[in-house]
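Shown next, in structure tokens, is the structure this report addresses.
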Amino acid sequence: AIRGGIVSNGISHGIDINLCNVSIQDMKITQNGDSDEEYGVTLRYSDVKISNCNFEENMGAIWNEQSNGLHVSHCTIKANKGAKHTITLRKQLYKSFSWYITDNDVTDNDPKLSTLHAYPQTANSNYDRKFIIKDNNFENNKG
């Protein structure tokens, strides 16, 4: 688990995770990234839980490239700007996945395209796919 503290002023991503079964809790992730492809947290593998974190003033907040089993809950995602999307969720073709985005405060973000971009790339119904968004506050976002 990665717990507590501040991650700030990263030239690219604040936290770049290439591991499975990771928990990120109780952190402030702020002012990371200097291009529209860089985010506060970048994830590339499965079973990542992010909770009680504050993403503020990053280029983008969360980039999920491959993670199956992503849970983002009870986070403040505020005033991130400049990235294509504030939260990007992507998954490889022909894979099962589950994404849970619950109980977050997502406000005052200014992405180039969208606040939440979900692109599962899955064309076959033989795969288990769960995408749950509930009890979030999406207010005053420009994307």
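Letters A, B, ... go to the chains of the structure tokens in the order shown; residues in each chain start at 1; ligands are counted from 1 in the same order.
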
Report task. Would you mind listing what lies within 8 Å of segment 69-73 of chain A as an MDAnalysis selection string, with only C-alpha atoms counted and same-chain residues fewer than 6 positions away left out? Result -> chainID A and resid 46:52 97:104

### Task
May I have the residues within 10 Å of Asn140 of chain A as a list in words, using only C-alpha atoms and disregarding those fewer than 6 positions away in the same chain?
Lys78, Ala79, Val106, Thr107, Asp108, Asn109 and Asp110 of chain A

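The protein and nucleic acid residues lying at most 7 Å from Tyr45 of chain A are Asn18, Leu19, Cys20, Gln66 and Ser67 of chain A, with only C-alpha atoms considered and sequence neighbours fewer than 3 positions away removed.
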
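Distance annotation: of A:Gly60, A:Gly5, A:Pro120, A:Gly143, the residue with the minimal separation from Asp36 of chain A is A:Gly60; atom set is only C-alpha atoms.
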
Would you kindly return, as an mmCIF file with N, CA and C atoms, in the first residue's frame, each protein, DNA or RNA residue with an atom no farther than 12 Å from any atom of Lys28 of chain A, considering only C-alpha atoms and excluding same-chain residues fewer than 5 positions away?
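Output contents, as saved in out_23.cif:
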data_model
loop_
_atom_site.group_PDB
_atom_site.id
_atom_site.type_symbol
_atom_site.label_atom_id
_atom_site.label_comp_id
_atom_site.auth_asym_id
_atom_site.auth_seq_id
_atom_site.Cartn_x
_atom_site.Cartn_y
_atom_site.Cartn_z
ATOM 1 N N ILE A 2 0.378 2.261 -0.649
ATOM 2 C CA ILE A 2 0.996 3.578 -0.607
ATOM 3 C C ILE A 2 0.035 4.426 0.205
ATOM 4 N N ARG A 3 0.487 4.931 1.337
ATOM 5 C CA ARG A 3 -0.450 5.608 2.237
ATOM 6 C C ARG A 3 0.159 6.888 2.784
ATOM 7 N N GLY A 4 -0.641 7.945 2.728
ATOM 8 C CA GLY A 4 -0.263 9.215 3.337
ATOM 9 C C GLY A 4 0.775 9.985 2.536
ATOM 10 N N GLY A 5 0.907 11.251 2.858
ATOM 11 C CA GLY A 5 1.927 12.085 2.246
ATOM 12 C C GLY A 5 1.419 12.871 1.057
ATOM 13 N N ILE A 6 2.362 13.581 0.439
ATOM 14 C CA ILE A 6 2.073 14.449 -0.699
ATOM 15 C C ILE A 6 2.986 14.057 -1.852
ATOM 16 N N VAL A 7 2.423 13.974 -3.049
ATOM 17 C CA VAL A 7 3.203 13.791 -4.267
ATOM 18 C C VAL A 7 2.944 15.021 -5.116
ATOM 19 N N SER A 8 3.990 15.830 -5.334
ATOM 20 C CA SER A 8 3.770 17.074 -6.062
ATOM 21 C C SER A 8 4.951 17.421 -6.951
ATOM 22 N N ASN A 9 4.643 18.266 -7.946
ATOM 23 C CA ASN A 9 5.637 18.829 -8.854
ATOM 24 C C ASN A 9 6.395 17.791 -9.666
ATOM 25 N N GLY A 14 2.661 11.937 -11.382
ATOM 26 C CA GLY A 14 2.986 11.975 -9.963
ATOM 27 C C GLY A 14 3.328 10.594 -9.439
ATOM 28 N N ILE A 15 2.446 9.619 -9.726
ATOM 29 C CA ILE A 15 2.655 8.215 -9.339
ATOM 30 C C ILE A 15 2.416 7.375 -10.588
ATOM 31 N N GLY A 40 -1.855 12.733 -12.512
ATOM 32 C CA GLY A 40 -1.465 12.554 -11.120
ATOM 33 C C GLY A 40 -1.103 11.109 -10.821
ATOM 34 N N VAL A 41 -1.951 10.162 -11.275
ATOM 35 C CA VAL A 41 -1.683 8.732 -11.109
ATOM 36 C C VAL A 41 -1.912 8.033 -12.440
ATOM 37 N N ILE A 50 -7.909 3.118 -5.111
ATOM 38 C CA ILE A 50 -7.528 4.481 -4.750
ATOM 39 C C ILE A 50 -8.643 5.034 -3.884
ATOM 40 N N SER A 51 -8.320 5.442 -2.661
ATOM 41 C CA SER A 51 -9.365 5.944 -1.777
ATOM 42 C C SER A 51 -8.847 7.085 -0.909
ATOM 43 N N ASN A 52 -9.756 7.992 -0.594
ATOM 44 C CA ASN A 52 -9.476 9.125 0.302
ATOM 45 C C ASN A 52 -8.278 9.946 -0.159
ATOM 46 N N CYS A 53 -8.139 10.123 -1.457
ATOM 47 C CA CYS A 53 -7.040 10.913 -2.003
ATOM 48 C C CYS A 53 -7.559 12.238 -2.544
ATOM 49 N N ASN A 54 -6.671 13.218 -2.584
ATOM 50 C CA ASN A 54 -6.989 14.537 -3.109
ATOM 51 C C ASN A 54 -6.129 14.768 -4.345
ATOM 52 N N PHE A 55 -6.775 14.802 -5.520
ATOM 53 C CA PHE A 55 -6.101 15.115 -6.779
ATOM 54 C C PHE A 55 -6.417 16.560 -7.109
ATOM 55 N N GLU A 56 -5.418 17.428 -7.053
ATOM 56 C CA GLU A 56 -5.694 18.841 -7.262
ATOM 57 C C GLU A 56 -4.586 19.493 -8.079
ATOM 58 N N GLU A 57 -4.997 20.229 -9.117
ATOM 59 C CA GLU A 57 -4.115 21.033 -9.953
ATOM 60 C C GLU A 57 -3.079 20.207 -10.706
ATOM 61 N N ASN A 58 -3.410 18.961 -11.053
ATOM 62 C CA ASN A 58 -2.581 18.162 -11.952
ATOM 63 C C ASN A 58 -3.019 18.441 -13.384
ATOM 64 N N ALA A 61 -6.131 13.803 -13.622
ATOM 65 C CA ALA A 61 -6.098 13.134 -12.316
ATOM 66 C C ALA A 61 -5.653 11.675 -12.433
ATOM 67 N N CYS A 75 -12.645 10.205 -3.115
ATOM 68 C CA CYS A 75 -11.559 11.098 -3.504
ATOM 69 C C CYS A 75 -12.114 12.466 -3.890
ATOM 70 N N THR A 76 -11.282 13.482 -3.715
ATOM 71 C CA THR A 76 -11.564 14.814 -4.232
ATOM 72 C C THR A 76 -10.707 15.000 -5.472
ATOM 73 N N ILE A 77 -11.358 15.269 -6.597
ATOM 74 C CA ILE A 77 -10.669 15.442 -7.877
ATOM 75 C C ILE A 77 -11.057 16.821 -8.368
ATOM 76 N N LYS A 78 -10.176 17.799 -8.143
ATOM 77 C CA LYS A 78 -10.561 19.200 -8.289
ATOM 78 C C LYS A 78 -9.468 20.008 -8.995
#

* Asked: Any idea what's packed within 9 Å of Ser35 of chain A, counting only C-alpha atoms, ignoring anything in its chain fewer than 2 positions away? Could you give it as a list in words?
  -> Ile11, Ser12, Gly33, Glu37, Glu38, Tyr39, Met59, Gly82 and Ala83 of chain A

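When only C-alpha atoms are used to compute distances to Asn136 of chain A, the closest of the residues A:Pro111, A:His74, A:Met27, A:Lys95 turns out to be A:His74.
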
**OP:** Step one, run DSSP on the backbone; step two, keep only residues of segment 3-138 of chain A assigned to strand (DSSP E or B); then write them as an NGL selection string.
**Re:** :A and (3 or 6-8 or 15-17 or 22-25 or 28-30 or 39-43 or 48-51 or 54-56 or 60-64 or 70-73 or 76-78 or 81 or 85-90 or 97-102 or 105-107 or 110 or 114-119 or 129-134 or 137-138)

Computed gap from atom CA of Glu139 of chain A to atom CA of Leu113 of chain A is 15.8 Å
